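**Q** Contents of upload-v6.cif (mmCIF, C-alpha atoms and all ligand atoms) are below:
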data_protein
#
loop_
_atom_site.label_atom_id
_atom_site.label_comp_id
_atom_site.auth_asym_id
_atom_site.auth_seq_id
_atom_site.Cartn_x
_atom_site.Cartn_y
_atom_site.Cartn_z
CA MET Z 182 -48.27 10.78 37.16
CA THR Z 183 -50.11 7.51 37.20
CA GLU Z 184 -52.97 9.01 39.22
CA ARG Z 185 -53.53 11.61 36.52
CA GLY Z 186 -53.74 8.80 33.98
CA PHE Z 187 -56.47 7.18 36.01
CA THR Z 188 -58.29 10.46 36.25
CA ARG Z 189 -58.12 11.14 32.54
CA SER Z 190 -59.45 7.76 31.55
CA ALA Z 191 -62.10 8.07 34.23
CA HIS Z 192 -63.24 11.33 32.65
CA ARG Z 193 -63.49 9.69 29.28
CA ALA Z 194 -65.56 6.90 30.77
CA VAL Z 195 -67.76 9.41 32.58
CA GLY Z 196 -68.19 11.40 29.34
CA ALA Z 197 -69.38 8.31 27.49
CA LYS Z 198 -71.65 7.43 30.40
CA ILE Z 199 -73.18 10.92 30.48
CA PHE Z 200 -74.00 10.73 26.79
CA GLY Z 201 -75.42 7.22 26.97
CA GLY Z 202 -77.17 8.07 30.19
CA LEU Z 203 -78.76 11.25 28.84
CA LEU Z 204 -80.14 9.24 25.98
CA ALA Z 205 -81.49 6.65 28.40
CA GLY Z 206 -82.95 9.44 30.53
CA LEU Z 207 -84.67 11.01 27.54
CA LEU Z 208 -86.06 7.67 26.46
CA ALA Z 209 -87.30 7.06 29.99
CA VAL Z 210 -89.11 10.41 30.00
CA VAL Z 211 -90.54 10.09 26.50
CA GLY Z 212 -91.17 6.36 26.56
CA PHE Z 213 -92.45 5.81 30.04
CA GLY Z 214 -93.05 9.17 31.67
CA GLY Z 215 -95.83 10.47 29.44
CA SER Z 216 -98.18 7.53 29.53
CA ALA Z 217 -97.04 6.44 32.98
CA HIS Z 218 -98.44 9.58 34.55
CA ALA Z 219 -101.70 9.21 32.70
CA GLN Z 220 -102.47 5.63 33.66
CA GLY Z 221 -99.72 4.48 35.99
CA SER Z 222 -98.88 4.86 39.65
CA GLY Z 223 -97.78 8.49 39.52
CA SER Z 224 -94.15 7.43 39.68
CA ALA Z 225 -92.32 7.19 36.36
CA THR Z 226 -89.54 5.20 38.03
CA LEU Z 227 -91.91 2.72 39.66
CA ASP Z 228 -93.75 2.22 36.37
CA ALA Z 229 -90.47 1.73 34.50
CA VAL Z 230 -89.24 -0.81 37.09
CA LYS Z 231 -92.53 -2.72 36.90
CA ALA Z 232 -92.59 -2.65 33.09
CA ARG Z 233 -89.07 -4.07 32.84
CA GLY Z 234 -89.62 -6.44 35.76
CA GLN Z 235 -86.28 -5.46 37.21
CA LEU Z 236 -84.72 -2.84 39.45
CA VAL Z 237 -81.48 -1.34 38.12
CA CYS Z 238 -79.34 -0.61 41.14
CA GLY Z 239 -75.94 1.12 41.25
CA VAL Z 240 -73.41 -0.46 43.62
CA SER Z 241 -69.61 -0.63 43.82
CA GLY Z 242 -69.47 -4.39 43.37
CA ASP Z 243 -66.07 -4.76 44.96
CA VAL Z 244 -66.30 -3.93 48.68
CA ALA Z 245 -66.65 -6.69 51.27
CA GLY Z 246 -69.71 -6.15 53.48
CA PHE Z 247 -71.28 -3.70 51.01
CA SER Z 248 -71.45 -5.29 47.57
CA LEU Z 249 -69.18 -8.09 46.45
CA PRO Z 250 -70.08 -11.22 44.48
CA ASP Z 251 -69.63 -14.48 46.41
CA SER Z 252 -68.08 -17.64 44.97
CA LYS Z 253 -71.35 -18.34 43.12
CA GLY Z 254 -71.42 -14.86 41.61
CA VAL Z 255 -74.26 -13.68 43.87
CA MET Z 256 -73.84 -10.09 45.01
CA GLN Z 257 -73.56 -9.95 48.82
CA GLY Z 258 -73.42 -7.05 51.27
CA ILE Z 259 -75.60 -4.39 52.84
CA ASP Z 260 -75.76 -2.18 49.72
CA ALA Z 261 -76.88 -5.17 47.67
CA GLU Z 262 -79.50 -6.07 50.29
CA VAL Z 263 -80.97 -2.57 50.11
CA CYS Z 264 -81.42 -3.07 46.36
CA ARG Z 265 -83.00 -6.47 46.97
CA ALA Z 266 -85.34 -5.11 49.63
CA VAL Z 267 -86.68 -2.50 47.20
CA ALA Z 268 -87.15 -5.20 44.55
CA ALA Z 269 -88.98 -7.40 47.09
CA ALA Z 270 -91.32 -4.52 47.99
CA VAL Z 271 -91.98 -3.45 44.41
CA LEU Z 272 -91.81 -6.69 42.43
CA GLY Z 273 -92.31 -9.29 45.17
CA ASP Z 274 -89.01 -10.89 44.22
CA PRO Z 275 -85.59 -9.87 45.60
CA SER Z 276 -83.74 -11.57 42.76
CA LYS Z 277 -85.12 -9.12 40.20
CA VAL Z 278 -82.21 -6.72 40.49
CA LYS Z 279 -79.64 -5.77 37.90
CA PHE Z 280 -76.52 -4.64 39.74
CA VAL Z 281 -74.51 -1.96 37.94
CA PRO Z 282 -70.95 -1.53 39.27
CA LEU Z 283 -69.99 2.13 39.53
CA THR Z 284 -66.89 4.03 40.62
CA THR Z 285 -66.68 6.80 43.21
CA GLN Z 286 -66.54 9.24 40.29
CA ASN Z 287 -69.18 8.03 37.83
CA ARG Z 288 -71.86 7.02 40.39
CA PHE Z 289 -73.57 10.43 40.37
CA THR Z 290 -73.86 10.85 36.60
CA ALA Z 291 -75.28 7.33 36.40
CA LEU Z 292 -78.11 8.37 38.72
CA GLN Z 293 -78.67 11.79 37.16
CA SER Z 294 -78.91 10.37 33.67
CA GLY Z 295 -81.46 7.67 34.47
CA GLU Z 296 -79.07 4.78 33.87
CA ILE Z 297 -79.96 3.43 37.33
CA ASP Z 298 -83.16 3.61 39.41
CA LEU Z 299 -81.38 3.71 42.73
CA LEU Z 300 -77.84 4.34 43.98
CA SER Z 301 -76.88 2.10 46.90
CA ARG Z 302 -73.13 2.50 46.97
CA GLU Z 303 -71.44 3.49 50.23
CA THR Z 304 -72.61 7.01 49.47
CA THR Z 305 -72.53 9.71 52.11
CA TRP Z 306 -75.54 11.99 52.39
CA THR Z 307 -74.31 15.59 52.19
CA LEU Z 308 -75.98 18.93 51.59
CA GLY Z 309 -74.06 19.44 48.36
CA ARG Z 310 -75.07 16.11 46.90
CA GLN Z 311 -78.70 16.78 47.75
CA ALA Z 312 -78.92 20.46 46.78
CA SER Z 313 -76.41 20.71 43.92
CA LEU Z 314 -76.45 17.26 42.35
CA GLY Z 315 -80.24 16.93 42.68
CA PHE Z 316 -80.68 13.79 44.76
CA LEU Z 317 -82.84 12.77 47.66
CA PHE Z 318 -81.36 10.46 50.25
CA ALA Z 319 -83.56 7.82 51.79
CA PRO Z 320 -82.72 7.17 55.45
CA THR Z 321 -79.23 6.42 56.62
CA TYR Z 322 -78.73 2.68 56.90
CA PHE Z 323 -75.15 2.92 58.09
CA TYR Z 324 -73.62 5.63 60.27
CA ASP Z 325 -70.01 5.46 59.16
CA GLY Z 326 -67.03 7.81 59.47
CA THR Z 327 -63.68 8.47 57.81
CA GLY Z 328 -60.85 6.43 59.27
CA PHE Z 329 -57.20 5.61 58.54
CA LEU Z 330 -55.48 2.30 58.08
CA VAL Z 331 -51.70 2.05 58.53
CA LYS Z 332 -49.20 -0.75 58.62
CA LYS Z 333 -48.30 -1.74 62.16
CA SER Z 334 -44.64 -1.45 61.17
CA LEU Z 335 -45.10 2.32 60.72
CA GLY Z 336 -45.43 2.58 64.50
CA VAL Z 337 -48.25 5.14 64.37
CA SER Z 338 -51.14 4.94 66.82
CA ASP Z 339 -52.81 8.33 66.35
CA VAL Z 340 -53.86 10.32 63.26
CA LYS Z 341 -51.89 13.35 64.49
CA GLN Z 342 -48.69 11.33 64.03
CA LEU Z 343 -49.42 11.31 60.29
CA ASP Z 344 -48.00 14.86 59.86
CA GLY Z 345 -46.18 14.92 56.49
CA ALA Z 346 -47.52 11.51 55.49
CA THR Z 347 -48.67 10.34 52.07
CA ILE Z 348 -52.31 9.23 52.16
CA CYS Z 349 -54.04 7.07 49.56
CA VAL Z 350 -57.57 8.34 48.84
CA GLN Z 351 -60.15 7.83 46.11
CA PRO Z 352 -61.11 10.94 44.09
CA GLY Z 353 -64.70 12.21 44.08
CA THR Z 354 -65.27 11.09 47.67
CA SER Z 355 -66.24 12.93 50.81
CA THR Z 356 -63.12 11.29 52.30
CA GLU Z 357 -60.91 13.68 50.31
CA LEU Z 358 -62.68 16.69 51.78
CA ALA Z 359 -62.70 15.30 55.32
CA ILE Z 360 -58.92 14.70 55.32
CA ALA Z 361 -58.18 18.15 53.91
CA ASP Z 362 -60.35 19.79 56.61
CA TYR Z 363 -58.91 17.74 59.45
CA PHE Z 364 -55.27 18.27 58.53
CA ARG Z 365 -55.75 22.01 57.95
CA ALA Z 366 -57.63 22.44 61.23
CA ASN Z 367 -54.87 20.62 63.11
CA ASN Z 368 -51.99 22.38 61.34
CA LEU Z 369 -50.76 19.15 59.83
CA LYS Z 370 -49.46 18.47 56.33
CA PHE Z 371 -50.09 15.50 54.07
CA THR Z 372 -49.74 14.52 50.44
CA PRO Z 373 -52.80 12.90 48.90
CA ILE Z 374 -52.18 10.04 46.48
CA GLU Z 375 -55.42 9.95 44.49
CA ILE Z 376 -56.28 6.68 42.81
CA GLU Z 377 -59.77 5.94 41.53
CA ASN Z 378 -59.59 2.17 41.09
CA LEU Z 379 -60.09 0.18 44.30
CA GLN Z 380 -57.66 -2.65 43.53
CA GLN Z 381 -55.00 -0.16 42.49
CA ILE Z 382 -55.39 2.01 45.57
CA GLN Z 383 -55.22 -1.03 47.85
CA GLN Z 384 -52.16 -2.28 45.99
CA ALA Z 385 -50.53 1.14 46.29
CA PHE Z 386 -51.09 1.05 50.04
CA LEU Z 387 -49.85 -2.52 50.43
CA SER Z 388 -46.73 -1.82 48.37
CA GLY Z 389 -45.85 1.14 50.61
CA ARG Z 390 -46.55 3.94 48.14
CA CYS Z 391 -48.62 5.67 50.79
CA ASP Z 392 -48.22 5.67 54.55
CA ALA Z 393 -51.95 5.48 55.19
CA TYR Z 394 -55.11 4.47 53.36
CA SER Z 395 -58.20 6.50 54.18
CA THR Z 396 -61.87 5.84 53.45
CA ASP Z 397 -65.03 4.93 55.36
CA SER Z 398 -63.80 3.03 58.41
CA SER Z 399 -66.17 0.11 57.75
CA ALA Z 400 -64.56 -0.41 54.35
CA LEU Z 401 -61.12 -0.29 55.96
CA ALA Z 402 -62.26 -2.94 58.45
CA GLY Z 403 -63.51 -5.02 55.51
CA PHE Z 404 -60.24 -4.58 53.66
CA ARG Z 405 -58.20 -5.58 56.70
CA TYR Z 406 -60.48 -8.58 57.19
CA THR Z 407 -59.80 -9.76 53.64
CA GLN Z 408 -56.07 -9.84 54.42
CA GLY Z 409 -56.68 -13.07 56.38
CA ASP Z 410 -53.62 -14.11 58.40
CA LYS Z 411 -51.98 -10.77 57.67
CA ALA Z 412 -54.86 -8.73 59.14
CA SER Z 413 -52.92 -8.13 62.34
CA ASP Z 414 -50.15 -6.39 60.34
CA PHE Z 415 -52.54 -3.45 59.94
CA VAL Z 416 -53.87 -0.96 62.45
CA LEU Z 417 -57.15 0.89 62.08
CA LEU Z 418 -56.44 4.18 63.91
CA PRO Z 419 -59.02 4.90 66.62
CA THR Z 420 -59.86 8.46 65.53
CA ILE Z 421 -62.82 8.96 63.20
CA ILE Z 422 -62.49 12.39 61.59
CA SER Z 423 -65.89 12.86 59.91
CA LYS Z 424 -69.53 11.82 59.83
CA GLU Z 425 -70.32 9.61 56.85
CA PRO Z 426 -74.00 8.68 56.99
CA LEU Z 427 -74.42 6.21 54.15
CA ALA Z 428 -77.82 6.30 52.46
CA PRO Z 429 -79.43 5.23 49.20
CA ALA Z 430 -80.02 8.05 46.73
CA VAL Z 431 -82.69 8.67 44.11
CA ARG Z 432 -83.20 11.48 41.61
CA LYS Z 433 -85.29 14.44 42.72
CA GLY Z 434 -88.59 14.88 40.91
CA ASP Z 435 -90.17 11.48 41.54
CA ASP Z 436 -91.53 11.86 45.05
CA LYS Z 437 -93.47 8.62 45.00
CA TRP Z 438 -90.35 6.63 44.16
CA PHE Z 439 -88.53 8.38 47.00
CA ASP Z 440 -91.42 7.46 49.35
CA ILE Z 441 -91.04 3.79 48.42
CA VAL Z 442 -87.27 3.61 48.92
CA GLN Z 443 -87.48 5.56 52.17
CA TRP Z 444 -90.25 3.44 53.67
CA VAL Z 445 -88.69 0.15 52.61
CA LEU Z 446 -85.76 1.04 54.86
CA PHE Z 447 -88.07 2.30 57.60
CA ALA Z 448 -90.01 -0.98 57.36
CA MET Z 449 -86.77 -2.92 57.89
CA MET Z 450 -85.99 -0.79 60.96
CA THR Z 451 -89.55 -1.07 62.28
CA ALA Z 452 -89.53 -4.84 61.89
CA GLU Z 453 -86.35 -5.07 63.94
CA GLU Z 454 -87.79 -2.79 66.61
CA LEU Z 455 -90.91 -4.99 66.81
CA GLY Z 456 -88.86 -8.20 66.92
CA VAL Z 457 -90.14 -9.35 63.53
CA SER Z 458 -87.31 -11.05 61.66
CA GLN Z 459 -86.79 -13.11 58.53
CA SER Z 460 -86.82 -16.34 60.53
CA ASN Z 461 -89.92 -15.63 62.66
CA VAL Z 462 -92.09 -13.38 60.47
CA ASP Z 463 -94.63 -16.12 59.74
CA THR Z 464 -95.25 -16.68 63.45
CA PHE Z 465 -96.69 -13.14 63.50
CA ALA Z 466 -99.45 -14.02 61.03
CA THR Z 467 -102.01 -14.06 63.84
CA SER Z 468 -100.44 -11.29 65.90
CA THR Z 469 -102.87 -8.92 67.60
CA VAL Z 470 -100.27 -6.15 68.01
CA PRO Z 471 -101.58 -3.22 65.92
CA ASP Z 472 -98.11 -2.08 64.73
CA VAL Z 473 -97.24 -5.60 63.63
CA ARG Z 474 -100.58 -6.05 61.83
CA ARG Z 475 -100.13 -2.79 59.92
CA LEU Z 476 -96.51 -3.61 59.04
CA LEU Z 477 -97.38 -7.02 57.66
CA GLY Z 478 -100.46 -5.80 55.79
CA ALA Z 479 -103.05 -7.60 57.94
CA ASP Z 480 -104.66 -4.25 58.81
CA GLY Z 481 -104.71 -0.91 57.05
CA ASP Z 482 -103.55 0.07 53.61
CA LEU Z 483 -99.94 1.15 54.03
CA GLY Z 484 -98.81 -0.71 50.91
CA LYS Z 485 -101.60 0.73 48.85
CA ALA Z 486 -100.69 4.25 49.98
CA LEU Z 487 -97.25 3.69 48.47
CA GLY Z 488 -98.67 2.27 45.24
CA LEU Z 489 -97.57 -1.24 46.23
CA ASP Z 490 -99.09 -4.54 47.26
CA ASN Z 491 -100.20 -4.57 50.91
CA LYS Z 492 -97.72 -7.42 51.50
CA TRP Z 493 -94.79 -5.19 50.48
CA ALA Z 494 -93.17 -5.06 53.92
CA TYR Z 495 -93.91 -8.72 54.63
CA ASN Z 496 -92.08 -9.55 51.39
CA VAL Z 497 -89.11 -7.41 52.42
CA VAL Z 498 -88.79 -9.07 55.84
CA LYS Z 499 -89.49 -12.60 54.59
CA GLN Z 500 -87.29 -12.42 51.52
CA VAL Z 501 -84.47 -10.13 52.67
CA GLY Z 502 -84.81 -9.59 56.43
CA ASN Z 503 -85.07 -6.78 58.94
CA MET Z 504 -82.19 -4.33 59.44
CA GLY Z 505 -80.57 -6.50 62.10
CA ASP Z 506 -80.75 -9.61 59.89
CA VAL Z 507 -78.99 -7.70 57.12
CA TRP Z 508 -76.38 -6.28 59.49
CA ASN Z 509 -75.62 -9.70 60.94
CA ARG Z 510 -75.24 -11.24 57.51
CA ALA Z 511 -73.26 -8.46 55.82
CA ILE Z 512 -71.38 -6.34 58.33
CA ALA Z 513 -70.94 -8.36 61.53
CA PRO Z 514 -68.54 -10.85 59.85
CA LEU Z 515 -66.14 -7.95 59.21
CA GLY Z 516 -65.81 -7.52 62.96
CA VAL Z 517 -67.53 -4.11 62.92
CA PRO Z 518 -69.60 -3.66 66.13
CA ARG Z 519 -73.18 -2.45 65.69
CA GLY Z 520 -72.48 0.59 67.90
CA ILE Z 521 -74.53 3.65 66.93
CA ASN Z 522 -76.17 1.61 64.17
CA ALA Z 523 -78.27 -0.24 66.75
CA PRO Z 524 -82.02 0.52 67.02
CA TRP Z 525 -82.89 3.53 69.21
CA THR Z 526 -84.53 1.16 71.68
CA LYS Z 527 -81.05 -0.29 72.25
CA GLY Z 528 -79.20 3.02 72.47
CA GLY Z 529 -78.48 3.47 68.77
CA LEU Z 530 -79.55 5.97 66.10
CA GLU Z 531 -81.75 3.70 63.99
CA TYR Z 532 -85.19 5.25 64.35
CA ALA Z 533 -88.15 4.96 61.99
CA PRO Z 534 -91.19 7.25 62.11
CA PRO Z 535 -94.54 5.61 62.88
CA MET Z 536 -95.86 3.27 60.24
CA ARG Z 537 -99.51 4.15 60.29
N1 LIG Z 601 -68.80 7.47 51.67
C1 LIG Z 601 -67.82 8.21 50.91
C2 LIG Z 601 -66.70 7.31 50.41
C3 LIG Z 601 -67.14 6.35 49.38
C4 LIG Z 601 -65.96 5.48 48.98
O1 LIG Z 601 -64.90 5.96 48.68
N2 LIG Z 601 -66.09 4.21 49.05
C5 LIG Z 601 -64.97 3.36 48.75
C6 LIG Z 601 -64.68 2.50 49.94
S1 LIG Z 601 -66.12 1.74 50.58
C7 LIG Z 601 -65.35 2.56 47.55
O2 LIG Z 601 -66.46 2.64 47.13
N3 LIG Z 601 -64.50 1.77 46.96
C8 LIG Z 601 -64.89 0.83 45.92
C9 LIG Z 601 -64.59 1.28 44.54
O3 LIG Z 601 -64.23 2.43 44.32
O4 LIG Z 601 -64.74 0.47 43.62
C10 LIG Z 601 -68.48 8.96 49.77
O5 LIG Z 601 -69.69 8.81 49.58
O6 LIG Z 601 -67.79 9.71 49.07
#
Would you kindly transcribe this structure into C-alpha cells?
Ligand SMILES: N[C@@H](CCC(=O)N[C@@H](CS)C(=O)NCC(=O)O)C(=O)O

**A**
Amino acid sequence: MTERGFTRSAHRAVGAKIFGGLLAGLLAVVGFGGSAHAQGSGSATLDAVKARGQLVCGVSGDVAGFSLPDSKGVMQGIDAEVCRAVAAAVLGDPSKVKFVPLTTQNRFTALQSGEIDLLSRETTWTLGRQASLGFLFAPTYFYDGTGFLVKKSLGVSDVKQLDGATICVQPGTSTELAIADYFRANNLKFTPIEIENLQQIQQAFLSGRCDAYSTDSSALAGFRYTQGDKASDFVLLPTIISKEPLAPAVRKGDDKWFDIVQWVLFAMMTAEELGVSQSNVDTFATSTVPDVRRLLGADGDLGKALGLDNKWAYNVVKQVGNMGDVWNRAIAPLGVPRGINAPWTKGGLEYAPPMR
C-alpha cells in the first residue's frame, strides 16, 4: 500500500517537473540555441553553461561515495567529481556547479527537458536508455553490478537461498529488471517491495520489512559502511547478478557537448595512465613526453578542437584530479576494491582512446 503512495506522489512530482522542464527546454532552444549556433561554439549546451557561468548537474545527493554533502555542505563523491571535472574543463573552476538532487524515477525527464546539462547519478548505460530515452552516455567511470545485502542473522550466504524472499528495490532502476531476470532464470520466487525514497527503503530494510536490499553493490557497500559499528551485522552476498556500467548521460542532438563530457573523462583516465596526478601535475610542466605535453596543452590544440581553453585537461587534473585521485577520495573509503575499475595497464577496464 505504502509503496503505491510513494509511486503516486512521485508521478505527480514527475508531471510537474516535465511541465517545468519542457518550458525550460523551450526557453533554452529559443533563448540560447538560435543565436548560439550563429556566433557560439556550435554547442547550445556549452554556450548556455558559459553564459550562466555554471554547470547544472543532476545527482542523487544522498549516496555515500557518489554524491553526499559533507559536514560543511560540500557535495562529495565520484558523481559530484565528474560534474566538477566538466566545470573545470569548461569554466576553469570546479566550484561552478549547481547540484540538482534527483530520484531514480525523475532523473531521465530532468535530462530530457533541459532542466540539467548533465546527469551524473549512478546511472547504468543501457541500450534502452540510449535508443528510447534519447541519451548519449559518456564513458563508464564505474563498472558496477547488482548485489544483495542481507542481515547476518538471516543466515543466508548465497543469492539462491533467497527463494521466496521479500526484496527491497527502488522503482525505475535497472536493478528491478536484473532481479526479475535472475530469479526467473533460476526458477526462484521473490516479492519486490518497491520504495522510491532512499531513506525509506533503507529504513524498510533495517526494520525487517524485506529480507534483502538490492541495488548497485557499491551503494550497498556504502550503506553498510555508514552503519558504523553495526556494519558487521550485514552481509553483502558475493554474487553479482548484472552488469551496471555507470556513466554520465547527456541529451542526444548536441554532439559537441557530448565530445566535451566524454573527453573530460578520457583525460582523467589518460592522466592516471601517464602518472600525472593532482599532486604532481605541475612537475610535468617541462615534460618532454609527447602524450603528456598534448594532455596538458603544452603542444597541439586538443582543447581548441573541443571548443575549450587549451588548459582544459590541466585544469581538470589540477583542480579535481585524475581518475585514481577521485577513486581514492570517493570510493576507496567505502572499502570497495578498485578491481576491474583499475586502468588497463594494471589489468582493469579503464581505457581511453589516444589523445592526439
Ligand atoms: N544503476 C542503476 C541503479 C541506480 C540506483 O538505484 N541507485 C540507487 C543506489 S546508488 C540510488 O540512487 N539511490 C539514491 C536515491 O534514490 O536517492 C540504475 O541506473 O538504474

**Q** Taking all atoms listed in the file into account, which residues are within 6 Å of ligand LIG 601 (chain Z), as a list in words?

**A**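 Selection of residues at most 6 Å from ligand LIG 601 (chain Z): Ser241, Asp243, Val244, Thr284, Thr285, Glu303, Thr304, Thr305, Gln351, Thr354, Ser355, Thr356, Asn378, Leu379, Thr396, Asp397, Ala400 and Glu425 of chain Z.
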
**Q** CA of Gly315 (chain Z) to CA of Pro535 (chain Z): how many Å, to one decimal?

**A** 27.2 Å

**Q** Report, in Å with one decimal, the straight-line distance from CA of Pro426 (chain Z) to CA of Lys527 (chain Z).

**A**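 The value is 19.1 Å.
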
**Q** Go ahead and compute the interatomic distance for CA of Asn368 (chain Z) and CA of Phe404 (chain Z), in Å to one decimal.

**A**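 Separation between CA of Asn368 (chain Z) and CA of Phe404 (chain Z): 29.2 Å.
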
**Q** Would you pick out the contacts of Gly242 (chain Z) at 8 Å or less, using only C-alpha atoms, so that residues sharing its chain but fewer than 2 positions from it are not included, and give the list as JSON, numbers by chain?

**A** {"Z": [240, 244, 247, 248, 249, 250, 256, 280, 281, 282, 283]}

**Q** Rank Z:Lys411, Z:Arg405, Z:Lys341, Z:Arg310 by their smallest atom-to-atom distance to Gly246 (chain Z), using all atoms listed in the file, and report the top residue only.

**A**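 Selected residue with least distance to Gly246 (chain Z): Z:Arg405.
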
**Q** Which is closer to Gly295 (chain Z) than all the others in Z:Arg537, Z:Lys433, Z:Lys333, Z:Lys492, using only C-alpha atoms?

**A**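 Between Z:Arg537, Z:Lys433, Z:Lys333, Z:Lys492, the residue approaching Gly295 (chain Z) most closely is Z:Lys433.
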
**Q** Mind checking which residues fall within 9 Å of Glu531 (chain Z), counting only C-alpha atoms, ignoring those fewer than 6 positions away in the same chain, and posting them as a list of chain:residue names?

**A** Z:Thr321, Z:Tyr322, Z:Phe323, Z:Met450, Z:Ile521, Z:Asn522, Z:Ala523, Z:Pro524, Z:Trp525

**Q** Can you list, as a PDB file with C-alpha atoms, in the frame of the given file, every protein, DNA or RNA residue that comes within 8 Å of Asn491 (chain Z) when you count only C-alpha atoms, leaving out same-chain residues fewer than 4 positions away?

**A**
ATOM      1  CA  LEU Z 477     -97.380  -7.020  57.660  1.00  0.00           C
ATOM      2  CA  GLY Z 478    -100.460  -5.800  55.790  1.00  0.00           C
ATOM      3  CA  ASP Z 482    -103.550   0.070  53.610  1.00  0.00           C
ATOM      4  CA  LEU Z 483     -99.940   1.150  54.030  1.00  0.00           C
ATOM      5  CA  GLY Z 484     -98.810  -0.710  50.910  1.00  0.00           C
ATOM      6  CA  LYS Z 485    -101.600   0.730  48.850  1.00  0.00           C
TER       7      LYS Z 485
END

**Q** Looking at Z:Ser413, Z:Gln500, Z:Ser301, Z:Ser395, which one is nearest to Ala319 (chain Z), with distances taken over all atoms listed in the file?

**A**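 The shortest atom-to-atom distance to Ala319 (chain Z) comes from Z:Ser301.
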
**Q** As JSON, numbers by chain, please: the residues near region 506-519 of chain Z (cut-off 8 Å, all atoms listed in the file, same-chain neighbours under 2 positions excluded).

**A** {"Z": [246, 247, 257, 258, 259, 262, 399, 402, 403, 406, 458, 459, 501, 502, 503, 504, 521, 522, 523]}

**Q** Given only C-alpha atoms as the basis, pick out the residue of Z:Gly456, Z:Pro275, Z:Gly309, Z:Gly528 nearest to Val470 (chain Z).

**A** Z:Gly456

**Q** Using all atoms listed in the file for the distances, tell me which of Z:Gly409, Z:Gly239, Z:Gly389, Z:Gly529 is nearest to Gln293 (chain Z).

**A**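 Result for the nearest residue to Gln293 (chain Z): Z:Gly239.
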
**Q** Using all atoms listed in the file, which of Z:Leu308, Z:Ala533, Z:Ala430, Z:Cys349 sits nearest Ser388 (chain Z)?

**A**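 Distance minimum relative to Ser388 (chain Z) lands on Z:Cys349.
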
**Q** Excluding Asp274 (chain Z) and residues on its chain fewer than 3 positions from it, collect all residues at most 9 Å away from it, counting all atoms listed in the file, and give them as number ranges by chain.

**A** Z: 265-266, 268-271, 277-278, 496-497, 500

**Q** Take the residues from that selection and write them out as a PDB file, in the frame of the given file, keeping C-alpha atoms.

**A**
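Here's the written file result-v2.pdb:
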ATOM      1  CA  ARG Z 265     -83.000  -6.470  46.970  1.00  0.00           C
ATOM      2  CA  ALA Z 266     -85.340  -5.110  49.630  1.00  0.00           C
ATOM      3  CA  ALA Z 268     -87.150  -5.200  44.550  1.00  0.00           C
ATOM      4  CA  ALA Z 269     -88.980  -7.400  47.090  1.00  0.00           C
ATOM      5  CA  ALA Z 270     -91.320  -4.520  47.990  1.00  0.00           C
ATOM      6  CA  VAL Z 271     -91.980  -3.450  44.410  1.00  0.00           C
ATOM      7  CA  LYS Z 277     -85.120  -9.120  40.200  1.00  0.00           C
ATOM      8  CA  VAL Z 278     -82.210  -6.720  40.490  1.00  0.00           C
ATOM      9  CA  ASN Z 496     -92.080  -9.550  51.390  1.00  0.00           C
ATOM     10  CA  VAL Z 497     -89.110  -7.410  52.420  1.00  0.00           C
ATOM     11  CA  GLN Z 500     -87.290 -12.420  51.520  1.00  0.00           C
TER      12      GLN Z 500
END

**Q** Identify the residues within 8 Å of coordinate (-92.1, 8.2, 44.7) (same frame as the file), considering all atoms listed in the file, and give the answer as a list in words.

**A**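 Those within range, by chain then number, are Gly223, Ser224, Thr226, Leu227, Asp435, Asp436, Lys437, Trp438, Phe439, Asp440, Ile441, Val442 and Leu487 of chain Z.
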